[in-house]
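This is data-v6.tsv. It holds TSV, C-alpha atoms.
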chain	number	residue	atom	x	y	z
A	4	MET	CA	-67.31	-73.69	-23.33
A	5	HIS	CA	-63.74	-74.85	-22.85
A	6	HIS	CA	-62.45	-75.52	-19.35
A	7	ALA	CA	-58.78	-75.66	-18.37
A	8	ARG	CA	-57.41	-79.13	-17.75
A	9	PRO	CA	-57.15	-79.64	-13.95
A	10	ILE	CA	-53.78	-80.32	-12.34
A	11	LEU	CA	-55.45	-81.84	-9.30
A	12	PRO	CA	-59.09	-82.88	-9.74
A	13	LEU	CA	-61.24	-82.22	-6.66
A	14	PRO	CA	-64.89	-83.20	-6.03
A	15	PRO	CA	-67.39	-80.42	-6.82
A	16	VAL	CA	-68.79	-78.36	-3.91
A	17	LEU	CA	-72.41	-77.19	-4.38
A	18	GLY	CA	-72.09	-77.99	-8.06
A	19	VAL	CA	-68.97	-75.88	-8.50
A	20	ASP	CA	-65.87	-77.61	-9.82
A	21	LEU	CA	-63.07	-76.59	-7.44
A	22	SER	CA	-60.32	-78.63	-9.14
A	23	LEU	CA	-56.89	-77.06	-9.13
A	24	THR	CA	-56.15	-75.70	-12.58
A	25	PRO	CA	-53.07	-73.83	-13.87
A	26	GLY	CA	-55.12	-70.66	-13.39
A	27	VAL	CA	-55.65	-71.40	-9.69
A	28	LEU	CA	-51.97	-72.21	-9.33
A	29	LEU	CA	-51.02	-68.92	-10.95
A	30	LEU	CA	-53.51	-67.19	-8.65
A	31	TRP	CA	-51.70	-68.63	-5.66
A	32	VAL	CA	-48.31	-67.68	-7.11
A	33	ALA	CA	-49.53	-64.08	-7.49
A	34	ALA	CA	-50.95	-64.08	-3.95
A	35	ALA	CA	-47.77	-65.63	-2.53
A	36	LEU	CA	-45.62	-63.10	-4.41
A	37	THR	CA	-47.74	-60.23	-3.10
A	38	PHE	CA	-47.57	-61.51	0.46
A	39	LEU	CA	-43.84	-62.25	0.23
A	40	LEU	CA	-42.84	-58.85	-1.13
A	41	LEU	CA	-45.09	-56.83	1.15
A	42	GLY	CA	-44.17	-59.01	4.12
A	43	LEU	CA	-40.48	-58.40	3.40
A	44	ALA	CA	-41.12	-54.68	3.02
A	45	ALA	CA	-42.90	-54.61	6.38
A	46	ARG	CA	-40.25	-56.70	8.10
A	47	ARG	CA	-37.50	-54.11	8.48
A	48	ARG	CA	-39.14	-51.23	10.23
A	49	THR	CA	-36.71	-48.38	10.63
A	50	LEU	CA	-37.82	-44.84	11.27
A	51	VAL	CA	-35.39	-43.59	8.65
A	52	PRO	CA	-36.21	-45.35	5.34
A	53	GLN	CA	-33.35	-47.47	4.04
A	54	GLY	CA	-32.80	-49.11	0.68
A	55	PHE	CA	-34.68	-49.00	-2.60
A	56	PHE	CA	-36.89	-52.02	-1.85
A	57	HIS	CA	-38.31	-50.63	1.40
A	58	ASN	CA	-38.52	-47.12	0.04
A	59	PHE	CA	-40.43	-48.32	-3.00
A	60	PHE	CA	-43.09	-50.20	-1.03
A	61	GLU	CA	-43.39	-47.62	1.72
A	62	THR	CA	-43.83	-44.87	-0.87
A	63	LEU	CA	-46.37	-46.93	-2.79
A	64	VAL	CA	-48.38	-47.76	0.36
A	65	GLU	CA	-48.32	-44.12	1.46
A	66	PHE	CA	-49.24	-42.89	-2.02
A	67	ILE	CA	-52.21	-45.26	-2.33
A	68	GLU	CA	-53.37	-44.50	1.18
A	69	LYS	CA	-53.22	-40.73	0.73
A	70	GLU	CA	-53.94	-40.17	-2.93
A	71	VAL	CA	-56.39	-43.00	-3.55
A	72	ILE	CA	-58.02	-44.10	-0.30
A	73	ARG	CA	-58.27	-40.77	1.53
A	74	ALA	CA	-59.13	-38.98	-1.73
A	75	SER	CA	-61.87	-41.42	-2.72
A	76	VAL	CA	-63.30	-42.77	0.56
A	77	GLY	CA	-62.72	-39.67	2.67
A	78	PRO	CA	-62.37	-39.58	6.48
A	79	GLU	CA	-63.43	-43.23	6.87
A	80	GLY	CA	-60.74	-44.30	4.43
A	81	LYS	CA	-58.37	-45.42	7.18
A	82	ARG	CA	-60.73	-48.26	8.11
A	83	TRP	CA	-60.89	-49.51	4.53
A	84	ALA	CA	-57.20	-48.95	3.73
A	85	PRO	CA	-56.06	-52.61	4.16
A	86	PHE	CA	-58.84	-53.83	1.85
A	87	ILE	CA	-58.13	-51.31	-0.92
A	88	LEU	CA	-54.35	-51.74	-0.51
A	89	THR	CA	-54.77	-55.51	-0.88
A	90	LEU	CA	-56.82	-54.97	-4.04
A	91	PHE	CA	-54.18	-52.61	-5.47
A	92	PHE	CA	-51.16	-54.81	-4.75
A	93	PHE	CA	-52.84	-58.07	-5.75
A	94	ILE	CA	-53.98	-56.62	-9.07
A	95	LEU	CA	-50.58	-54.97	-9.62
A	96	PHE	CA	-48.63	-58.18	-9.07
A	97	SER	CA	-51.14	-60.19	-11.10
A	98	ASN	CA	-50.70	-57.69	-13.96
A	99	LEU	CA	-46.90	-57.71	-13.69
A	100	LEU	CA	-46.74	-61.49	-13.44
A	101	GLY	CA	-48.16	-61.57	-16.95
A	102	MET	CA	-45.04	-59.78	-18.18
A	103	LEU	CA	-42.81	-62.71	-17.17
A	104	PRO	CA	-42.03	-65.20	-19.94
A	105	LEU	CA	-43.48	-68.36	-18.38
A	106	PRO	CA	-43.91	-71.61	-20.32
A	107	GLY	CA	-47.31	-72.37	-21.81
A	108	GLY	CA	-48.38	-69.09	-23.40
A	109	ARG	CA	-50.30	-66.23	-21.81
A	110	HIS	CA	-50.34	-66.15	-18.02
A	111	THR	CA	-51.83	-62.82	-17.12
A	112	LEU	CA	-54.32	-63.48	-14.35
A	113	THR	CA	-56.12	-60.18	-14.83
A	114	ALA	CA	-56.51	-60.94	-18.55
A	115	ASN	CA	-58.97	-63.63	-17.46
A	116	VAL	CA	-62.51	-62.37	-16.99
A	117	ASN	CA	-63.16	-64.91	-14.19
A	118	VAL	CA	-60.45	-63.39	-12.00
A	119	THR	CA	-61.47	-59.76	-12.60
A	120	ALA	CA	-65.13	-60.71	-12.11
A	121	ALA	CA	-64.29	-62.38	-8.81
A	122	LEU	CA	-62.43	-59.26	-7.64
A	123	ALA	CA	-65.33	-57.06	-8.77
A	124	LEU	CA	-67.72	-59.40	-6.91
A	125	VAL	CA	-65.68	-58.96	-3.74
A	126	VAL	CA	-65.97	-55.15	-4.08
A	127	PHE	CA	-69.68	-55.53	-4.88
A	128	GLY	CA	-70.15	-57.74	-1.79
A	129	VAL	CA	-68.35	-55.25	0.40
A	130	THR	CA	-70.39	-52.27	-0.86
A	131	LEU	CA	-73.61	-54.28	-0.47
A	132	GLY	CA	-72.59	-55.23	3.08
A	133	ILE	CA	-71.79	-51.61	3.96
A	134	ASN	CA	-75.09	-50.42	2.47
A	135	LEU	CA	-77.11	-52.95	4.44
A	136	ALA	CA	-75.17	-52.41	7.67
A	137	ARG	CA	-75.28	-48.60	7.47
A	138	HIS	CA	-78.71	-47.91	6.04
A	139	GLY	CA	-80.67	-51.12	6.60
A	140	PRO	CA	-82.55	-52.90	3.78
A	141	LEU	CA	-85.20	-50.15	3.51
A	142	GLY	CA	-82.68	-47.32	3.60
A	143	PHE	CA	-80.65	-49.09	0.95
A	144	ALA	CA	-83.74	-49.61	-1.25
A	145	ARG	CA	-84.61	-45.90	-0.83
A	146	LYS	CA	-81.26	-45.03	-2.45
A	147	PHE	CA	-82.71	-46.21	-5.76
A	148	LEU	CA	-85.68	-43.84	-5.49
A	149	PRO	CA	-84.51	-40.30	-6.30
A	150	GLN	CA	-85.76	-37.67	-3.83
A	151	GLY	CA	-88.18	-34.95	-4.93
A	152	LEU	CA	-89.62	-36.74	-7.95
A	153	PRO	CA	-93.29	-37.74	-8.43
A	154	LEU	CA	-93.85	-41.40	-7.54
A	155	PRO	CA	-94.52	-42.64	-11.11
A	156	VAL	CA	-91.33	-41.01	-12.37
A	157	ALA	CA	-89.39	-42.29	-9.37
A	158	LEU	CA	-90.69	-45.78	-10.07
A	159	LEU	CA	-89.47	-45.45	-13.63
A	160	ILE	CA	-86.09	-44.17	-12.53
A	161	ALA	CA	-85.61	-46.85	-9.84
A	162	PRO	CA	-84.90	-49.75	-12.24
A	163	ILE	CA	-82.45	-47.56	-14.16
A	164	GLU	CA	-80.69	-46.73	-10.88
A	165	LEU	CA	-80.64	-50.42	-9.98
A	166	ILE	CA	-79.18	-51.37	-13.37
A	167	SER	CA	-76.62	-48.57	-13.01
A	168	TRP	CA	-75.62	-49.92	-9.60
A	169	LEU	CA	-75.39	-53.50	-10.87
A	170	ALA	CA	-73.38	-52.34	-13.88
A	171	LYS	CA	-70.64	-51.00	-11.63
A	172	PRO	CA	-69.02	-54.37	-10.79
A	173	VAL	CA	-69.46	-55.43	-14.44
A	174	SER	CA	-67.66	-52.29	-15.67
A	175	LEU	CA	-65.00	-52.80	-12.98
A	176	ALA	CA	-64.35	-56.37	-14.11
A	177	VAL	CA	-64.51	-55.68	-17.85
A	178	ARG	CA	-62.29	-52.57	-17.71
A	179	LEU	CA	-59.42	-54.38	-16.01
A	180	PHE	CA	-59.83	-57.57	-18.05
A	181	ALA	CA	-60.04	-55.74	-21.41
A	182	ASN	CA	-57.09	-53.45	-20.74
A	183	MET	CA	-54.80	-56.23	-19.61
A	184	MET	CA	-55.85	-58.65	-22.32
A	185	VAL	CA	-55.43	-56.12	-25.14
A	186	GLY	CA	-52.02	-54.98	-23.90
A	187	HIS	CA	-50.66	-58.48	-23.53
A	188	THR	CA	-52.23	-59.60	-26.81
A	189	LEU	CA	-50.44	-56.73	-28.57
A	190	ILE	CA	-47.09	-57.79	-27.07
A	191	PHE	CA	-47.63	-61.37	-28.23
A	192	LEU	CA	-48.69	-60.06	-31.63
A	193	PHE	CA	-45.40	-58.19	-31.95
A	194	ILE	CA	-43.50	-61.27	-30.84
A	195	GLY	CA	-45.40	-63.33	-33.43
A	196	MET	CA	-44.49	-60.79	-36.10
A	197	GLU	CA	-40.85	-61.05	-35.00
A	198	VAL	CA	-40.92	-64.74	-35.85
A	199	ALA	CA	-42.92	-64.37	-39.07
A	200	THR	CA	-41.23	-61.37	-40.74
A	201	ALA	CA	-38.23	-61.43	-43.05
A	202	TRP	CA	-34.79	-61.09	-41.44
A	203	TYR	CA	-34.28	-57.47	-42.61
A	204	LEU	CA	-37.56	-56.41	-40.94
A	205	LYS	CA	-37.10	-58.27	-37.68
A	206	SER	CA	-35.97	-55.20	-35.75
A	207	LEU	CA	-39.33	-53.42	-36.23
A	208	PRO	CA	-41.54	-55.90	-34.29
A	209	PHE	CA	-38.77	-56.19	-31.69
A	210	VAL	CA	-38.82	-52.43	-31.06
A	211	GLY	CA	-42.63	-52.56	-31.01
A	212	ALA	CA	-42.65	-55.43	-28.50
A	213	VAL	CA	-40.15	-53.68	-26.19
A	214	ALA	CA	-42.09	-50.38	-26.38
A	215	MET	CA	-45.36	-52.21	-25.75
A	216	ALA	CA	-43.85	-54.12	-22.81
A	217	CYS	CA	-42.69	-50.84	-21.23
A	218	PHE	CA	-46.13	-49.36	-21.82
A	219	GLU	CA	-47.75	-52.47	-20.30
A	220	ILE	CA	-45.74	-52.04	-17.09
A	221	PHE	CA	-47.13	-48.52	-16.90
A	222	VAL	CA	-50.64	-49.79	-17.71
A	223	SER	CA	-50.29	-52.46	-14.96
A	224	PHE	CA	-49.81	-49.69	-12.39
A	225	VAL	CA	-52.53	-47.49	-13.88
A	226	GLN	CA	-55.12	-50.27	-14.01
A	227	ALA	CA	-54.41	-51.35	-10.42
A	228	PHE	CA	-54.66	-47.67	-9.43
A	229	ILE	CA	-58.00	-47.24	-11.26
A	230	PHE	CA	-59.47	-50.42	-9.78
A	231	ALA	CA	-58.47	-49.33	-6.26
A	232	MET	CA	-59.74	-45.80	-6.85
A	233	LEU	CA	-63.13	-47.00	-8.13
A	234	ALA	CA	-63.44	-49.51	-5.26
A	235	GLY	CA	-62.81	-46.58	-2.89
A	236	LEU	CA	-65.46	-44.46	-4.61
A	237	TYR	CA	-68.02	-47.27	-4.46
A	238	ILE	CA	-67.27	-47.77	-0.76
A	239	LYS	CA	-67.74	-44.04	-0.21
A	240	GLU	CA	-71.07	-44.15	-2.05
A	241	ALA	CA	-72.12	-47.06	0.16
A	242	ILE	CA	-71.10	-45.23	3.35
A	243	GLU	CA	-72.98	-42.00	2.45
B	20	MET	CA	-56.72	-70.98	-19.15
B	21	GLN	CA	-59.09	-69.32	-21.64
B	22	PRO	CA	-59.86	-65.68	-20.84
B	23	PHE	CA	-63.50	-65.74	-22.03
B	24	ASP	CA	-64.55	-69.11	-20.58
B	25	LEU	CA	-66.73	-69.00	-17.52
B	26	GLU	CA	-64.94	-70.90	-14.75
B	27	PRO	CA	-66.97	-70.78	-11.53
B	28	GLY	CA	-64.18	-72.72	-9.80
B	29	LEU	CA	-61.63	-70.04	-10.66
B	30	ILE	CA	-64.04	-67.33	-9.47
B	31	VAL	CA	-64.49	-69.11	-6.13
B	32	TRP	CA	-60.75	-69.72	-5.77
B	33	THR	CA	-60.04	-66.07	-6.62
B	34	VAL	CA	-62.48	-64.85	-3.98
B	35	LEU	CA	-61.08	-67.25	-1.37
B	36	THR	CA	-57.48	-66.49	-2.25
B	37	PHE	CA	-58.13	-62.76	-2.20
B	38	LEU	CA	-59.86	-62.93	1.20
B	39	ALA	CA	-57.03	-65.04	2.64
B	40	LEU	CA	-54.45	-62.66	1.18
B	41	PHE	CA	-56.37	-59.70	2.60
B	42	ALA	CA	-56.42	-61.28	6.07
B	43	LEU	CA	-52.69	-62.09	5.92
B	44	LEU	CA	-51.61	-58.74	4.49
B	45	ALA	CA	-53.79	-56.76	6.89
B	46	ARG	CA	-52.23	-58.59	9.84
B	47	PHE	CA	-48.60	-59.04	8.79
B	48	ALA	CA	-47.88	-56.31	6.25
B	49	PHE	CA	-50.21	-53.33	6.27
B	50	ARG	CA	-50.67	-53.03	10.01
B	51	PRO	CA	-46.89	-52.81	10.75
B	52	LEU	CA	-46.24	-50.75	7.63
B	53	ARG	CA	-48.98	-48.25	8.39
B	54	ALA	CA	-47.94	-48.11	12.06
B	55	LEU	CA	-44.39	-47.35	10.90
B	56	LEU	CA	-45.58	-44.70	8.46
B	57	GLU	CA	-47.79	-43.10	11.11
B	58	LYS	CA	-44.93	-43.19	13.61
B	59	ARG	CA	-42.61	-41.64	11.03
B	60	GLU	CA	-45.18	-38.98	10.21
B	61	GLN	CA	-45.66	-38.27	13.91
B	62	THR	CA	-41.88	-38.14	14.48
B	63	ILE	CA	-41.45	-35.73	11.57
B	64	ARG	CA	-44.35	-33.60	12.83
B	65	ASP	CA	-42.88	-33.63	16.38
B	66	SER	CA	-39.43	-32.78	15.03
B	67	LEU	CA	-40.87	-29.91	12.99
B	68	ASP	CA	-42.80	-28.69	16.05
B	69	ALA	CA	-39.65	-28.96	18.18
B	70	ALA	CA	-37.66	-27.11	15.53
B	71	GLU	CA	-40.35	-24.42	15.38
B	72	ARG	CA	-40.34	-24.12	19.17
B	73	ALA	CA	-36.53	-23.93	19.19
B	74	ARG	CA	-36.67	-21.27	16.49
B	75	ARG	CA	-39.20	-19.24	18.50
B	76	GLN	CA	-37.08	-19.62	21.64
B	77	ALA	CA	-33.99	-18.54	19.71
B	78	GLU	CA	-35.91	-15.54	18.38
B	79	GLU	CA	-37.07	-14.65	21.90
B	80	ILE	CA	-33.50	-14.97	23.21
B	81	LEU	CA	-32.25	-12.87	20.33
B	82	MET	CA	-34.92	-10.26	21.03
B	83	ARG	CA	-34.04	-10.25	24.74
B	84	ASN	CA	-30.35	-9.96	23.89
B	85	ARG	CA	-31.13	-7.05	21.57
B	86	GLU	CA	-33.14	-5.38	24.33
B	87	HIS	CA	-30.25	-5.92	26.77
B	88	LEU	CA	-27.82	-4.60	24.20
B	89	ASP	CA	-29.99	-1.52	23.57
B	90	LYS	CA	-30.32	-1.00	27.32
B	91	ALA	CA	-26.55	-1.38	27.74
B	92	ARG	CA	-26.00	1.09	24.89
B	93	ASP	CA	-28.36	3.59	26.57
B	94	GLU	CA	-26.57	3.08	29.88
B	95	THR	CA	-23.20	3.58	28.20
B	96	ARG	CA	-24.48	6.69	26.43
B	97	LYS	CA	-25.80	8.03	29.74
B	98	ILE	CA	-22.49	7.27	31.51
B	99	VAL	CA	-20.49	8.92	28.72
B	100	ASN	CA	-22.80	11.97	28.74
B	101	GLU	CA	-22.53	12.16	32.54
B	102	GLY	CA	-18.75	11.92	32.22
B	103	HIS	CA	-18.74	14.71	29.65
B	104	ARG	CA	-20.94	16.81	31.92
B	105	ILE	CA	-18.70	16.15	34.93
B	106	VAL	CA	-15.60	16.99	32.93
B	107	ALA	CA	-17.21	20.21	31.68
B	108	ASP	CA	-18.21	21.13	35.26
B	109	MET	CA	-14.71	20.35	36.52
B	110	LYS	CA	-13.24	22.43	33.73
B	111	LYS	CA	-15.53	25.34	34.58
B	112	GLU	CA	-14.72	24.97	38.26
B	113	ALA	CA	-10.99	24.82	37.53
B	114	GLU	CA	-11.25	27.93	35.36
B	115	ARG	CA	-13.24	29.74	37.98
B	116	SER	CA	-10.84	28.67	40.69
B	117	ALA	CA	-7.82	29.65	38.58
B	118	ARG	CA	-9.43	33.00	37.83
B	119	GLU	CA	-10.09	33.57	41.55
B	120	GLU	CA	-6.58	32.47	42.42
B	121	ALA	CA	-5.14	34.79	39.78
B	122	ALA	CA	-7.31	37.66	41.01
B	123	HIS	CA	-6.25	36.95	44.54
B	124	LEU	CA	-2.57	36.84	43.54
B	125	ILE	CA	-2.93	40.08	41.56
B	126	GLU	CA	-4.65	41.69	44.53
B	127	GLN	CA	-1.95	40.44	46.85
B	128	ALA	CA	0.79	41.64	44.53
B	129	ARG	CA	-0.94	44.99	44.20
B	130	SER	CA	-1.20	45.42	47.97
B	131	GLU	CA	2.43	44.35	48.38
B	132	ILE	CA	3.45	46.83	45.70
B	133	ASP	CA	1.39	49.53	47.43
B	134	GLY	CA	3.05	48.72	50.75
B	135	GLU	CA	6.47	48.80	49.13
B	136	VAL	CA	5.65	52.08	47.39
B	137	ARG	CA	4.42	53.52	50.67
B	138	ARG	CA	7.51	52.33	52.47
B	139	SER	CA	9.71	53.71	49.74
B	140	LEU	CA	7.90	57.02	49.88
B	141	ASP	CA	8.33	57.13	53.63
B	142	ASP	CA	12.02	56.34	53.21
B	143	LEU	CA	12.23	58.89	50.46
B	144	LYS	CA	10.41	61.41	52.59
B	145	SER	CA	12.73	60.79	55.50
B	146	THR	CA	15.78	60.90	53.24
B	147	VAL	CA	14.54	64.07	51.50
B	148	ALA	CA	13.77	65.60	54.88
B	149	ASN	CA	17.17	64.69	56.18
B	150	LEU	CA	18.81	65.95	53.05
B	151	SER	CA	16.82	69.12	53.01
B	152	VAL	CA	17.58	69.62	56.67
B	153	ARG	CA	21.22	69.01	55.94
B	154	ILE	CA	21.12	71.38	52.99
B	155	ALA	CA	19.12	73.93	54.85
B	156	ARG	CA	21.50	73.60	57.70
B	157	GLN	CA	24.30	74.23	55.39
B	158	VAL	CA	22.48	77.23	53.93
B	159	ILE	CA	21.05	78.80	56.93
B	160	ARG	CA	23.47	77.59	59.49
B	161	GLY	CA	23.26	79.80	62.30
B	162	GLU	CA	19.85	81.27	61.58
B	163	LEU	CA	17.88	78.20	62.60
B	164	ASP	CA	18.13	76.26	65.78
B	165	GLU	CA	17.34	72.58	66.07
B	166	ASP	CA	13.65	73.04	66.97
B	167	LYS	CA	12.88	75.53	64.27
B	168	HIS	CA	14.60	73.25	61.84
B	169	ALA	CA	12.50	70.26	62.92
B	170	ALA	CA	9.29	72.29	62.64
B	171	LEU	CA	10.29	73.43	59.22
B	172	ALA	CA	11.04	69.88	58.15
B	173	GLU	CA	7.70	68.70	59.51
B	174	ASP	CA	5.96	71.46	57.60
B	175	VAL	CA	7.70	70.38	54.41
B	176	VAL	CA	6.67	66.76	54.95
B	177	GLU	CA	3.04	67.76	55.53
B	178	ARG	CA	3.05	69.79	52.39
B	179	LEU	CA	4.54	66.89	50.50
B	180	LYS	CA	1.80	64.59	51.80
B	181	LYS	CA	-0.87	67.05	50.71
B	182	THR	CA	0.70	67.29	47.30
B	183	ARG	CA	0.76	63.50	47.00
B	184	ARG	CA	-2.86	63.21	48.06
B	185	ALA	CA	-3.85	65.76	45.51
B	186	SER	CA	-2.06	63.82	42.74
B	187	PRO	CA	-2.22	60.02	43.28
B	188	PRO	CA	0.42	57.77	41.64

Just dump the structure as structure tokens.
Amino acid sequence: MHHARPILPLPPVLGVDLSLTPGVLLLWVAAALTFLLLGLAARRRTLVPQGFFHNFFETLVEFIEKEVIRASVGPEGKRWAPFILTLFFFILFSNLLGMLPLPGGRHTLTANVNVTAALALVVFGVTLGINLARHGPLGFARKFLPQGLPLPVALLIAPIELISWLAKPVSLAVRLFANMMVGHTLIFLFIGMEVATAWYLKSLPFVGAVAMACFEIFVSFVQAFIFAMLAGLYIKEAIE
Amino acid sequence: MQPFDLEPGLIVWTVLTFLALFALLARFAFRPLRALLEKREQTIRDSLDAAERARRQAEEILMRNREHLDKARDETRKIVNEGHRIVADMKKEAERSAREEAAHLIEQARSEIDGEVRRSLDDLKSTVANLSVRIARQVIRGELDEDKHAALAEDVVERLKKTRRASPP
């Protein structure tokens, strides 16, 4: 297993190496960018929307709140809106940051399984917390036993239900990671072909790379949208 | 940064960074943004309600104005009809009065004519009597004295009257 070379080595905490790596630095850049842009968007608060920048963010916030959060979580969506909005914007900017030509190769945060797993773990933690707070440990355990089935069958079904529930954060993490990694890999593949091909064929990989980059911007939005939507649905499942 | 390598440190940092970002965004970005959006939504809803109320009020005013206009038209129609009726009555009255006046004038003229005719007849009678007396005197001078002549004349006049009564003019 290869670990990234730390920029600033730090002593391990509970056996976990918390040294600052380029990945952590990029994580902070993405978080800072998210906070900066949204903070700027929230700074000028005029009743009549003014300018593309404010319009863009206000529209995006409103769209996610209405079409994702209210649609997936339901009436209690308002309470969970900041959490799901943070997920959406952080994933979106992490995805888009990977489109920038930074030195040192690939820098897409969400193309790293550790980052997507951590985000999925946060969603998993939140749903687990809601389940325990709303239904209690016994009520939560009862969710894995389907109603109206004979006990032996229910006992057989329960592990499947448990595995299905545990698979949710895994699917959440893998979906985002795989989509972003494949998209960005394809772009780099086209760029590699651009360098390797003969001069009279150079335009083909270039067109492919540009088309793929445009598609990746679209995919960045779609993947952030899907992650937020699924997080909302899992929260709704936990509430019910 | 290798995408498949397990990096517990990066996972921990991601969780911590995300939670910190969530806390900051919730406080400094989403709360004011959502408050603004809610305020905007409320303002738009209030404006739409106010516009709807204004539209209803305008419709009510328009309806009232139409009612007033209809009432005014009815009043006008009534006044015009009353005027026509009064004019017709006045016309009838004037005709009746003119007819009466004409009848009265005709009657008056007739009575004046009758009086004149009577007076003329009397004058004629007197003239005829005088003439006849004068003629008779010429004819029978000497045979009749003044009294006999007067009685004769009177007799002639009476006979003339009877003749006139028997054949009216």

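Separating CA of Ala45 in chain A from CA of Leu55 in chain B is a distance of 8.7 Å.
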
Would you list which chain B residues are within 12 Å of chain A using all atoms listed in the file, as an MDAnalysis selection string? chainID B and resid 20:63

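Across the structure, CA of Leu204 in chain A and CA of Ser223 in chain A are spaced 29.2 Å apart.
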
What is the distance, in Å and to one decimal place, between CA of Pro172 in chain A and CA of His187 in chain A? 22.7 Å

Box in all listed atoms of range 140-146 of chain B, axis-aligned, with 3 Å more on each side; write out centre and edge lengths in Å to one decimal as AutoDock Vina command-line options.
--center_x 11.8 --center_y 58.9 --center_z 52.7 --size_x 13.9 --size_y 11.1 --size_z 11.6

List as a PyMOL selection string the protein and nucleic acid residues near range 131-148 of chain B, meaning an atom at most 8 Å away when all atoms listed in the file are counted, but skip any in the same chain fewer than 4 places from it. chain B and resi 127+152+172+175-176
